[in-house]
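The next block is upload.txt, given as compact mmCIF, C-alpha atoms.
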# COMPACT_ATOMS: atom_id res chain seq x y z
CA LEU V 147 24.98 -55.75 89.65
CA PHE V 148 23.96 -58.57 87.32
CA ARG V 149 26.32 -61.34 86.33
CA SER V 150 24.52 -64.29 84.76
CA ALA V 151 21.34 -66.24 84.06
CA THR V 152 21.48 -70.01 83.91
CA ARG V 153 18.57 -72.11 82.64
CA VAL V 154 17.47 -74.88 85.01
CA ASP V 155 15.93 -78.08 83.64
CA GLY V 156 12.97 -79.80 85.26
CA LYS V 157 9.72 -78.60 86.79
CA ALA V 158 9.82 -75.35 88.76
CA PHE V 159 8.10 -74.89 92.12
CA ASN V 160 4.56 -73.62 91.53
CA ALA V 161 4.59 -74.55 87.85
CA SER V 162 1.61 -73.26 85.89
CA VAL V 163 -1.47 -75.45 85.76
CA LEU V 164 -2.43 -74.00 82.38
CA ASP V 165 -1.66 -76.15 79.34
CA LEU V 166 1.03 -73.79 78.10
CA ALA V 167 2.30 -76.07 75.32
CA LYS V 168 -1.18 -76.25 73.79
CA ALA V 169 -1.31 -72.44 73.82
CA GLY V 170 2.08 -72.14 72.13
CA TYR V 171 3.85 -71.14 75.35
CA VAL V 172 6.83 -72.45 77.28
CA GLU V 173 7.70 -72.28 80.97
CA GLU V 174 11.38 -72.02 81.88
CA GLU V 175 13.25 -71.37 85.09
CA PHE V 176 16.56 -69.53 85.43
CA PHE V 177 18.92 -68.92 88.31
CA LEU V 178 20.13 -65.32 88.37
CA SER V 179 23.32 -64.34 90.13
CA GLY V 180 25.20 -61.14 90.67
CA THR V 181 25.79 -58.57 93.37
CA ALA V 182 23.27 -56.33 95.09
CA LYS V 183 23.39 -53.42 97.49
CA SER V 184 21.17 -52.63 100.42
CA TYR V 185 19.45 -49.25 100.66
CA ASP V 186 18.80 -46.81 103.47
CA ILE V 187 15.12 -46.01 102.93
CA PRO V 188 13.85 -42.81 104.61
CA ARG V 189 11.01 -43.28 107.09
CA ASP V 190 8.63 -41.22 104.95
CA GLN V 191 9.11 -43.81 102.14
CA MET V 192 8.51 -41.00 99.63
CA SER V 193 12.18 -40.20 99.09
CA ASN V 194 14.77 -42.16 97.17
CA GLY V 195 16.84 -44.63 99.13
CA THR V 196 20.59 -44.26 99.46
CA PRO V 197 22.62 -47.32 98.39
CA ALA V 198 25.19 -48.76 100.77
CA GLU V 199 28.83 -48.93 99.68
CA ALA V 200 29.13 -52.71 99.99
CA ALA V 201 27.78 -55.07 97.36
CA HIS V 202 26.71 -58.58 98.33
CA PRO V 203 26.53 -61.70 96.16
CA PHE V 204 23.11 -63.20 95.50
CA LYS V 205 21.62 -66.13 93.65
CA THR V 206 17.89 -66.40 93.09
CA ARG V 207 15.44 -67.73 90.54
CA VAL V 208 13.04 -66.39 87.97
CA VAL V 209 10.27 -68.27 86.19
CA VAL V 210 9.57 -67.27 82.58
CA ARG V 211 6.31 -68.05 80.79
CA ARG V 212 6.37 -66.83 77.21
CA PRO V 213 5.16 -67.53 73.69
CA THR V 214 7.43 -69.92 71.81
CA ALA V 215 7.06 -67.90 68.58
CA ALA V 216 7.88 -64.21 68.21
CA ALA V 217 4.81 -63.78 65.97
CA LYS V 218 2.54 -64.58 68.93
CA PHE V 219 4.32 -62.15 71.30
CA ASN V 220 2.69 -58.73 71.83
CA GLY V 221 5.99 -57.16 72.95
CA THR V 222 5.05 -56.73 76.61
CA VAL V 223 6.68 -58.53 79.53
CA VAL V 224 5.07 -58.44 82.98
CA VAL V 225 7.80 -58.85 85.61
CA GLU V 226 6.17 -59.84 88.90
CA TRP V 227 7.82 -59.54 92.31
CA THR V 228 6.27 -62.66 93.80
CA ASN V 229 4.19 -62.10 96.93
CA VAL V 230 5.45 -63.87 100.06
CA SER V 231 2.71 -62.95 102.55
CA GLU V 232 1.71 -66.64 102.76
CA GLY V 233 5.28 -67.73 103.54
CA PHE V 234 6.26 -68.80 100.00
CA ASP V 235 6.44 -67.39 96.46
CA ASN V 236 2.86 -66.70 95.44
CA GLU V 237 2.35 -65.61 91.82
CA VAL V 238 -0.65 -63.36 92.36
CA GLU V 239 -0.59 -61.59 88.97
CA TRP V 240 -0.17 -64.88 87.10
CA PHE V 241 -2.87 -66.58 89.17
CA HIS V 242 -5.39 -63.83 88.41
CA SER V 243 -4.35 -62.94 84.86
CA GLY V 244 -2.42 -65.90 83.40
CA GLU V 245 -5.18 -66.88 81.00
CA HIS V 246 -5.40 -63.28 79.76
CA PHE V 247 -1.60 -63.07 79.41
CA VAL V 248 -1.55 -66.23 77.28
CA ARG V 249 -4.58 -65.28 75.19
CA SER V 250 -3.14 -61.80 74.53
CA GLY V 251 0.50 -62.76 73.83
CA TYR V 252 2.24 -61.39 76.93
CA ALA V 253 5.39 -62.84 78.45
CA TRP V 254 5.43 -63.16 82.25
CA VAL V 255 8.45 -63.36 84.56
CA GLY V 256 8.13 -64.19 88.27
CA VAL V 257 10.99 -63.05 90.51
CA SER V 258 11.96 -64.56 93.87
CA ALA V 259 13.32 -61.33 95.36
CA GLN V 260 12.67 -61.86 99.07
CA ASN V 261 14.27 -64.14 101.65
CA VAL V 262 10.95 -65.61 102.83
CA GLY V 263 10.25 -66.96 99.34
CA VAL V 264 13.79 -68.18 98.75
CA SER V 265 13.93 -69.87 102.18
CA ALA V 266 10.63 -71.65 101.47
CA LEU V 267 11.99 -72.87 98.12
CA LYS V 268 15.10 -74.22 99.86
CA GLN V 269 12.98 -76.01 102.48
CA ARG V 270 10.50 -77.51 100.01
CA MET V 271 12.93 -78.51 97.25
CA ALA V 272 16.42 -78.42 98.78
CA GLU V 273 18.06 -80.42 96.00
CA ARG V 274 16.88 -77.94 93.37
CA TYR V 275 17.06 -74.67 95.30
CA GLY V 276 19.64 -75.27 98.04
CA ALA V 277 22.25 -72.99 96.45
CA LEU V 278 19.94 -69.95 96.30
CA ASP V 279 20.80 -67.11 98.68
CA VAL V 280 19.55 -63.54 98.92
CA THR V 281 21.19 -62.77 102.30
CA ASP V 282 24.94 -63.20 101.57
CA ASN V 283 25.06 -66.24 103.88
CA GLY V 284 22.97 -64.49 106.53
CA THR V 285 25.06 -61.33 106.74
CA VAL V 286 22.28 -59.19 105.23
CA GLN V 287 19.09 -59.05 107.26
CA ARG V 288 15.50 -58.64 106.12
CA ASP V 289 15.10 -58.11 102.38
CA ASP V 290 17.72 -55.40 101.99
CA LEU V 291 19.00 -56.76 98.66
CA SER V 292 15.58 -57.26 97.08
CA TYR V 293 15.48 -53.97 95.15
CA ASP V 294 18.69 -54.71 93.25
CA ILE V 295 17.64 -58.34 92.77
CA PHE V 296 14.39 -57.22 91.14
CA THR V 297 16.38 -54.78 89.00
CA ALA V 298 18.66 -57.64 87.92
CA ALA V 299 15.60 -59.56 86.71
CA GLY V 300 14.52 -56.55 84.68
CA LEU V 301 17.99 -56.37 83.13
CA ALA V 302 17.78 -60.06 82.23
CA VAL V 303 14.42 -59.44 80.54
CA ARG V 304 16.02 -56.62 78.57
CA GLY V 305 18.75 -59.00 77.35
CA LYS V 306 21.50 -57.55 79.53
CA SER V 307 22.81 -60.97 80.55
CA GLY V 308 24.87 -63.68 79.00
CA GLN V 309 21.72 -65.64 78.21
CA ASN V 310 18.50 -64.30 76.79
CA ILE V 311 15.81 -65.45 79.21
CA LEU V 312 13.10 -64.57 76.67
CA GLY V 313 14.39 -66.95 74.00
CA PRO V 314 13.65 -65.49 70.54
CA LEU V 315 11.57 -62.63 71.95
CA LYS V 316 12.63 -59.01 72.34
CA ALA V 317 10.83 -56.96 74.97
CA GLU V 318 9.37 -53.69 73.72
CA ARG V 319 7.67 -52.88 77.03
CA VAL V 320 8.43 -54.10 80.55
CA ILE V 321 5.84 -53.71 83.30
CA ALA V 322 7.00 -54.16 86.90
CA SER V 323 4.29 -55.57 89.17
CA GLY V 324 3.91 -57.19 92.53
Could you rewrite the structure in this file as structure tokens?
Amino acid sequence: LFRSATRVDGKAFNASVLDLAKAGYVEEEFFLSGTAKSYDIPRDQMSNGTPAEAAHPFKTRVVVRRPTAAAKFNGTVVVEWTNVSEGFDNEVEWFHSGEHFVRSGYAWVGVSAQNVGVSALKQRMAERYGALDVTDNGTVQRDDLSYDIFTAAGLAVRGKSGQNILGPLKAERVIASG
């Protein structure tokens, strides 16, 4: 499912407008890659989906905003599935609660799980995001891989990757939102 997380230098799309450095925070961006399956979701949406046999490669990005010092960290990471209803990654939880997260010592991770958001990133900043793909080169339609992609981000937060995307921090609690 999850293969690697690679830190990306430079300013991420939709970088925070808060003065994170002054608050003892850092913003970092990582590219996540691995394989993901699609799921057959029942029409009633109340039952568990059935995973397909085939796994598809993906590469997406996550943005991490976290305290630089473990002493400031409250142990909780909010992992947000970014909203794409406006046609691009929109960090709704961060926008509404970022100041609270920083003041209270949370870490926040935004996940580009859907094709609409990834496609917008590729259009707006092709040099930086051109290699991202959540459709296996167009062979997977809609957002069929998004569930496993979001899971991969959660695994990265839990330290289940080659690189710790939380730096010196260890998550005690992970809250999925979006």
### Query
Near segment 314-322 of chain V, counting all atoms listed in the file, which residues have an atom at most 10 Å away, once you skip same-chain residues fewer than 3 positions from it, shown as a list in words?
Arg212, Pro213, Thr214, Ala215, Ala216, Ala217, Lys218, Phe219, Asn220, Gly221, Thr222, Val223, Val224, Val225, Glu226, Trp227, Tyr252, Ala253, Trp254, Val255, Phe296, Thr297, Gly300, Val303, Arg304, Gly305, Asn310 and Ile311 of chain V
### Task
Grab the atom CA of Ala259 of chain V to atom CA of Ile295 of chain V distance for me, in Å with one decimal place.
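For atom CA of Ala259 of chain V relative to atom CA of Ile295 of chain V, the distance reads 5.9 Å.
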### Distance of atom CA of Ala299 of chain V from atom CA of Ser150 of chain V, expressed in Å to one decimal place
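Value for the atom CA of Ser150 of chain V-atom CA of Ala299 of chain V distance: 10.3 Å.
Between atom CA of Val172 of chain V and atom CA of Leu312 of chain V there is a distance of 10.1 Å.
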Could you give me, as JSON lines, every segment 158-203 of chain V residue with an atom at most 12 Å from segment 277-287 of chain V, plus its closest atom pair and distance in Å to one decimal, counting only C-alpha atoms, rows ordered by chain then number?
{"residue": "V:Phe176", "atom": "CA", "partner": "V:Leu278", "partner_atom": "CA", "distance": 11.4}
{"residue": "V:Phe177", "atom": "CA", "partner": "V:Leu278", "partner_atom": "CA", "distance": 8.1}
{"residue": "V:Leu178", "atom": "CA", "partner": "V:Leu278", "partner_atom": "CA", "distance": 9.2}
{"residue": "V:Ser179", "atom": "CA", "partner": "V:Leu278", "partner_atom": "CA", "distance": 9.0}
{"residue": "V:Gly180", "atom": "CA", "partner": "V:Val280", "partner_atom": "CA", "distance": 10.3}
{"residue": "V:Thr181", "atom": "CA", "partner": "V:Asp282", "partner_atom": "CA", "distance": 9.5}
{"residue": "V:Ala182", "atom": "CA", "partner": "V:Val280", "partner_atom": "CA", "distance": 9.0}
{"residue": "V:Lys183", "atom": "CA", "partner": "V:Val286", "partner_atom": "CA", "distance": 9.7}
{"residue": "V:Ser184", "atom": "CA", "partner": "V:Val286", "partner_atom": "CA", "distance": 8.2}
{"residue": "V:Tyr185", "atom": "CA", "partner": "V:Val286", "partner_atom": "CA", "distance": 11.3}
{"residue": "V:Ala198", "atom": "CA", "partner": "V:Val286", "partner_atom": "CA", "distance": 11.7}
{"residue": "V:Ala200", "atom": "CA", "partner": "V:Val286", "partner_atom": "CA", "distance": 10.8}
{"residue": "V:Ala201", "atom": "CA", "partner": "V:Asp282", "partner_atom": "CA", "distance": 9.6}
{"residue": "V:His202", "atom": "CA", "partner": "V:Asp282", "partner_atom": "CA", "distance": 5.9}
{"residue": "V:Pro203", "atom": "CA", "partner": "V:Asp282", "partner_atom": "CA", "distance": 5.8}
### Query
Nearest to Asp235 of chain V: which of V:Asn160, V:Asn194, V:Thr206, V:Ser323 is it, counting all atoms listed in the file?
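Among V:Asn160, V:Asn194, V:Thr206, V:Ser323, it is V:Asn160 that comes nearest to Asp235 of chain V.
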### Message
Residues within 10 Å of Val230 of chain V, please, as an NGL selection string. Count all atoms listed in the file; anything in the same chain fewer than 5 positions from it doesn't count.
### Response
:V and (235-238 or 258-264 or 266)
### Message
So, with all atoms listed in the file as the atoms that count, which of V:Arg249, V:Val210, V:Glu239, V:Gly244 lies closest to Gly324 of chain V?
### Response
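Among the listed residues, the smallest separation from Gly324 of chain V belongs to V:Glu239.
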### Query
In file coordinates, which residues lie within 12 Å of (17.1, -47.2, 103.2) using all atoms listed in the file, given as a PyMOL selection string?
chain V and resi 183-198+288-293
### From V:Arg270, V:Arg211, V:Lys205, V:His242, residue lying nearest Asp165 of chain V [only C-alpha atoms]
V:Arg211
Specify the axis-aligned box that encloses all atoms of segment 262-274 of chain V listed in the file after padding of 5 Å on each side, stating its centre and edge lengths in Å to one decimal as lines of an AutoDock Vina configuration file.
center_x = 14.2
center_y = -73.0
center_z = 98.1
size_x = 17.8
size_y = 24.8
size_z = 19.5
### Query
Any idea what's packed within 10 Å of Phe159 of chain V, counting only C-alpha atoms, ignoring anything in its chain fewer than 6 positions away? Could you give it as number ranges by chain?
V: 175, 209, 235, 267, 270-271, 274-275
